[in-house]
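Here's the structure we're looking at; comments come further down.
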Amino acid sequence: MEHYLEVKNLHYYYGQIHAVKGIDLYLDEGEIVTLIGSNGAGKSTTLNTIAGLTRSVGVKGEILFNNKNIAKKSGNKICKLGIMAVVEGRHIFSQLSVEENLYMGAYSRKDKRNVKKDIDEVYELFPRLLERRNQMGGTLSGGEQQMLAIARALVNKPKIILLDEPSLGLAPIIVEHIFEIIKEINTKMGTTILLVEQNSKIALKVSSRGYVIQNGEIVISGTSEELLNNDKGRHAYLGIANKEE
Amino acid sequence: MDFLKLVLQLLIPGLCLGCVYGLNGIGSALLYKGSHTINNAQGAIVGLGALIGYSIQQGLKIGLIASTAIVVVITFFIGVFLQVFIISRVERRSSMYVVIATLALSLIISSISMLTFGSWTFESATIIIHGSKYLHINFVNVDILWSNIIAIIISFIAMISIHLFLNRTSFGMAMRSAAMDSFAAESCGVSVVKTRAVTWGIMAALGALGGCLMGPLFGISAGIGIAMGNKGNTGAVLGGYGNMYGAIIGGLIIGMVETIFGYIYSPYQSAFTYALFLVFLLLLPKGIMNEKAIEEG
């Protein structure tokens with residue numbers, strides 16, 4: 001069966017270091033899929049490689065989007081295809097205003113006329129950003145910066161969003177709010193989402209399927225329910241205590 | 001009245017020099033902000049640009065402004081060429097490699113200029129308005145070179161254009177974004193390869209513009225750019241390294257100070273200027289615009 005986005009036997013090398021060792025995963029249209037793993041497991045490298053943000057010499061394997069191999073394409077070309085990465089650590093433009101940041105999200109769009117309308121729509125989703133539209137990006141709080149990073153990606157009207165650790169460094173209540181919005185983006189706009197998370201519990205709650213990555217390899221995969229109920233997986237990889245404990 | 005005359009005689013050439021340093025400093029600031037590196041070849045490119053300008057003046061029999069416009073276009077492409085074929089490849093390893101590579105480029109370009117045009121100083125075309133090289137200001141009885149006045153005007157036009165380009169156009173915003181965070185810019189669809197190449201093009205073109213405008217004052221030689229490149233860079237540090245507006249202000253200050261020291265005791269003109277620069281750095285390491293670029297590394 002054909003999938004919307006399919007990663008086949010993907011490897012990534014940082015020079016001598018073999019960081020991703022033959023990963024297979026797929027996304028179907030309209031899904032939220034989670035890639036779970038601890039620090040250094042290779043999840044960010046996988047996401048950045050799909051987004052074309054790693055050095056192409058280190059990439060081996062295939063990444064098929066609509067049946068076309070997009071591996072080794074540069075990041076700006078992948079963005080133009082409709083795959084938008086929200087990279088780890090937010091990476092917003094600190095010396096641009098919130099609104100200018102959002103306009104940068106639309107940089108590769110051809111229909112510049114509709115951008116303003118879409119930015120207004122994004123403000124509806126994140127009213128906080130509307131309040132701070134003229135503030136410099138660097139002056140926002142961590143949670144607001146995360147919202148801005150997601151909002152900036154949305155302005156590009158992407159087909160797929162690759163979200164790297166949206167919960168990183170945020171207070172639990174803000175994390176919950178952000179995951180509600182992620183779910184809303186998926187249901188209302190129909191955007192396909194690949195989530196990369198350490199916070200497996202909340203990530204699996206919003207996603208339909210998941211993969212667990214360890215030392216650069218996929219060790220378990222399945223529906224979110226299966227993963228949440230898999231005792232071995234729960235304990236070893238997800239960091240969730242067993243029910244009896 | 002004598003005092004006013006003196007002020008005018010110092011102010012105009014000082015401002016003119018300062019503008020040229022400012023033009024060189026803008027490129028230096030943009031490059032530092034975007035790639036955290038230094039272009040040691042800037043002076044050599046400026047010298048080459050000025051010499052190309054001279055050959056165009058001789059060959060096509062056209063004036064200073066028209067030949068300068070052609071030089072700006074040519075040097076833009078020289079800058080892009082250098083970045084795409086040399087700098088981008090060296091840069092992958094470390095920004096420090098660029099420092100050394102551009103030092104090598106500087107010597108190569110200077111040598112090529114010297115071999116092609118010889119080591120003497122040529123007389124540049126100058127600006128003549130109403131049949132005179134000078135603007136005579138009656139009430140203080142002072143003559144000011146038209147080419148100085150025109151150089152100041154053109155420099156300011158160039159600076160305002162760059163400001164508008166970077167703040168009002170889509171590609172200019174992309175360049176600023178890429179300088180702030182190249183990773184994020186690439187993920188937003190900006191080709192960082194392109195913005196870096198254009199940064200070099202702008203740097204070379206602005207420098208050469210300054211070099212050509214200085215031709216009527218100093219004459220044109222392969223070495224004309226070395227001081228401009230260095231002082232442009234110095235002005236950029238003075239203004240707060242990585243900040244374009246700081247670079248302009250820094251360049252203007254260096255130009256003025258140098259002219260005043262030149263009037264007081266010319267053999268120590270540069271030494272005094274740089275001594276003052278060092279004192280300033282010790283007191284205000286972040287520069288006039290308080291740019292954090294250096295600390296952030």
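Convention: chains lettered A, B, ... in structure tokens order; per-chain residue numbering from 1; ligands numbered from 1 as shown.
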Output the contact residues of chain B with respect to chain A at a cut-off of 6 Å, based on only C-alpha atoms, as number ranges by chain.
B: 184, 186-191
How would the residues just chosen look if you wrote them out with N, CA, C and O atoms as a compact mmCIF listing (two decimals), in the first residue's frame?
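Dumped to selection-v5.txt:
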# COMPACT_ATOMS: atom_id res chain seq x y z
N ALA B 184 16.50 28.04 11.02
CA ALA B 184 15.07 28.37 10.95
C ALA B 184 14.72 28.94 9.59
O ALA B 184 13.67 28.63 9.04
N GLU B 186 16.11 28.35 6.70
CA GLU B 186 16.06 27.26 5.72
C GLU B 186 14.74 26.50 5.86
O GLU B 186 14.10 26.16 4.86
N SER B 187 14.32 26.28 7.11
CA SER B 187 13.07 25.54 7.32
C SER B 187 11.85 26.35 6.88
O SER B 187 10.79 25.79 6.65
N CYS B 188 12.00 27.67 6.74
CA CYS B 188 10.89 28.50 6.25
C CYS B 188 10.93 28.64 4.74
O CYS B 188 10.17 29.42 4.17
N GLY B 189 11.86 27.97 4.08
CA GLY B 189 11.89 28.03 2.63
C GLY B 189 12.91 29.00 2.07
O GLY B 189 12.95 29.25 0.87
N VAL B 190 13.74 29.60 2.95
CA VAL B 190 14.78 30.52 2.47
C VAL B 190 16.00 29.69 2.05
O VAL B 190 16.44 28.83 2.80
N SER B 191 16.51 29.97 0.87
CA SER B 191 17.74 29.29 0.46
C SER B 191 18.92 30.04 1.07
O SER B 191 19.29 31.12 0.62
Which of segment 133-292 of chain B DSSP labels alpha helix (DSSP H), written as an MDAnalysis selection string:
chainID B and resid 146:168 170:180 182:187 192:218 224:240 244:265 269:283
I'd like to know which residues of segment 131-244 of chain A are strand (DSSP E) (by DSSP, run on the backbone); could you write them as a list in words?
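These are the residues in question: Ile160, Ile161, Leu162, Leu163, Asp164, Thr192, Ile193, Leu194, Leu195, Val196, Glu197, Arg209, Gly210, Tyr211, Val212, Ile213, Gln214, Glu217, Ile218, Val219, Ile220, Ser221, Gly222 and Thr223 of chain A.
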Skipping near chain neighbours, those fewer than 3 positions away, what residues fall within 12 Å of segment 171-175 of chain A using only C-alpha atoms, listed as a PyMOL selection string?
chain A and resi 141-147+165-168+178-182+197+199+201-203
Writing out the chosen residues with N, CA and C atoms as a short mmCIF file (atom, residue, chain, number, x, y, z; two decimals), in the first residue's frame:
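Contents of result_26.cif, as written:
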data_model
loop_
_atom_site.label_atom_id
_atom_site.label_comp_id
_atom_site.auth_asym_id
_atom_site.auth_seq_id
_atom_site.Cartn_x
_atom_site.Cartn_y
_atom_site.Cartn_z
N SER A 141 7.94 34.66 26.02
CA SER A 141 8.24 33.57 26.95
C SER A 141 8.40 32.28 26.17
N GLY A 142 8.90 31.25 26.84
CA GLY A 142 9.14 29.98 26.16
C GLY A 142 7.90 29.41 25.50
N GLY A 143 6.79 29.44 26.23
CA GLY A 143 5.55 28.91 25.70
C GLY A 143 5.06 29.70 24.49
N GLU A 144 5.19 31.02 24.58
CA GLU A 144 4.77 31.87 23.46
C GLU A 144 5.65 31.65 22.24
N GLN A 145 6.95 31.43 22.50
CA GLN A 145 7.86 31.16 21.38
C GLN A 145 7.48 29.86 20.69
N GLN A 146 7.11 28.86 21.49
CA GLN A 146 6.69 27.59 20.90
C GLN A 146 5.43 27.77 20.06
N MET A 147 4.50 28.58 20.59
CA MET A 147 3.28 28.87 19.83
C MET A 147 3.64 29.57 18.53
N GLU A 165 9.71 18.04 19.66
CA GLU A 165 9.62 18.32 21.09
C GLU A 165 8.92 19.64 21.45
N PRO A 166 7.67 19.77 21.11
CA PRO A 166 6.97 21.00 21.48
C PRO A 166 6.85 21.19 22.99
N SER A 167 7.04 20.14 23.77
CA SER A 167 6.88 20.28 25.22
C SER A 167 8.17 20.71 25.92
N LEU A 168 9.25 20.79 25.16
CA LEU A 168 10.57 21.02 25.76
C LEU A 168 10.62 22.28 26.62
N ILE A 178 -0.72 23.43 24.44
CA ILE A 178 -0.10 23.28 23.11
C ILE A 178 -0.56 21.99 22.43
N PHE A 179 -0.70 20.93 23.22
CA PHE A 179 -1.15 19.67 22.61
C PHE A 179 -2.62 19.74 22.19
N GLU A 180 -3.41 20.52 22.92
CA GLU A 180 -4.80 20.73 22.48
C GLU A 180 -4.81 21.39 21.11
N ILE A 181 -3.92 22.38 20.95
CA ILE A 181 -3.87 23.09 19.68
C ILE A 181 -3.37 22.17 18.56
N ILE A 182 -2.40 21.32 18.88
CA ILE A 182 -1.89 20.38 17.88
C ILE A 182 -3.03 19.50 17.37
N GLU A 197 8.76 13.31 20.41
CA GLU A 197 8.58 13.69 21.83
C GLU A 197 9.34 12.78 22.79
N ASN A 199 8.09 13.31 26.00
CA ASN A 199 6.92 13.24 26.86
C ASN A 199 5.89 12.32 26.20
N LYS A 201 3.60 10.16 27.16
CA LYS A 201 2.23 9.97 27.60
C LYS A 201 1.28 10.93 26.90
N ILE A 202 1.62 12.20 26.95
CA ILE A 202 0.73 13.20 26.34
C ILE A 202 0.77 13.10 24.82
N ALA A 203 1.94 12.74 24.26
CA ALA A 203 2.06 12.65 22.80
C ALA A 203 1.20 11.51 22.27
#
